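Contents: one structure, followed by commentary.
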Amino acid sequence: ARKGARGRREDGARARLDRGAERLLSRPRQDSGQCPPGRLQGRDGAVYIGTTRGLSVYGNGKFTTVDIKNEIGDRLSVTSLFEDEKGRLWIGAVGNLHIYHKGVLGSVPGFAGLTIWAIKRDANGDIWIGSGKGLFRMRGDKIDAKFSMSDGLPSDDVSVIYQDRRGRMWFGTQGGVAHHEHGSFTKLTTANGLASDRVRSIYETSDGVLWFGTY
């Protein structure tokens, strides 16, 4: 993107935030595919891939399927994954948030009926949960706080969570992007230069520039 340039397209765009100037720039994107399901590389070196029919694991050159089902016997439609310091696998899914450990699947209280799009631990050890109906912060295994549009989020549908080098937490939503610092949210939308308010990815380059993938 060229300094001062702004552009929008219905099929998606990226927006650049220069740390010093706090100014957004944008450029068109070519692909507008669906967001990929949750995936992560575990402590054991295996790659865990969430799918609409459960969890696949790639290790030792082959795929295996982990047969995990919810309380009523349905396979999980996995939307996000996170592994904590205890080696437990947090599984965000359509309908609930689960923890899978040593072959046992349990539900985390407070998330029944929600689709969990993003799970991220911050530098303080708190775990942030982005859902289709609000943002949650967890300390330990309990909900410590819940945030919504009334608290400054641009939308209650939170699809991506990112922590930058300054320690700020960023939240991409269906209504723009916001960062949380010193107890409050600052939001950015198309009015500030985003090509679209539907943010699905966030990335920071080595020189401190933040890029936002939209669609």
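Letters A, B, ... go to the chains of the structure tokens in the order shown; residues in each chain start at 1; ligands are counted from 1 in the same order.
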Note to self: Taking 5 positions as the minimum chain separation for residues in the same chain, which residues sit within 10 Å of Ile99 of chain A when counting only C-alpha atoms? Answer as a count of residues only.
What the structure shows: 15
Next item on the list: Report the residues of segment 44-213 of chain A whose backbone DSSP state falls under strand (DSSP E or B), written as an MDAnalysis selection string.
Entry: chainID A and resid 47:51 54:59 62:66 69 75 78:83 89:94 96:101 104:107 115:121 127:131 134:139 142:147 158:163 169:174 176:181 184:188 199:204 210:213
Notebook entry, point to check: If you run DSSP on this backbone, which residues of chain A come out as helix (DSSP H, G or I), and could you give them as a list in words?
Noted result: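 Helix (DSSP H, G or I) assignments inside chain A correspond to Met149, Ser150, Asp151, Thr190, Ala191 and Asn192 of chain A.
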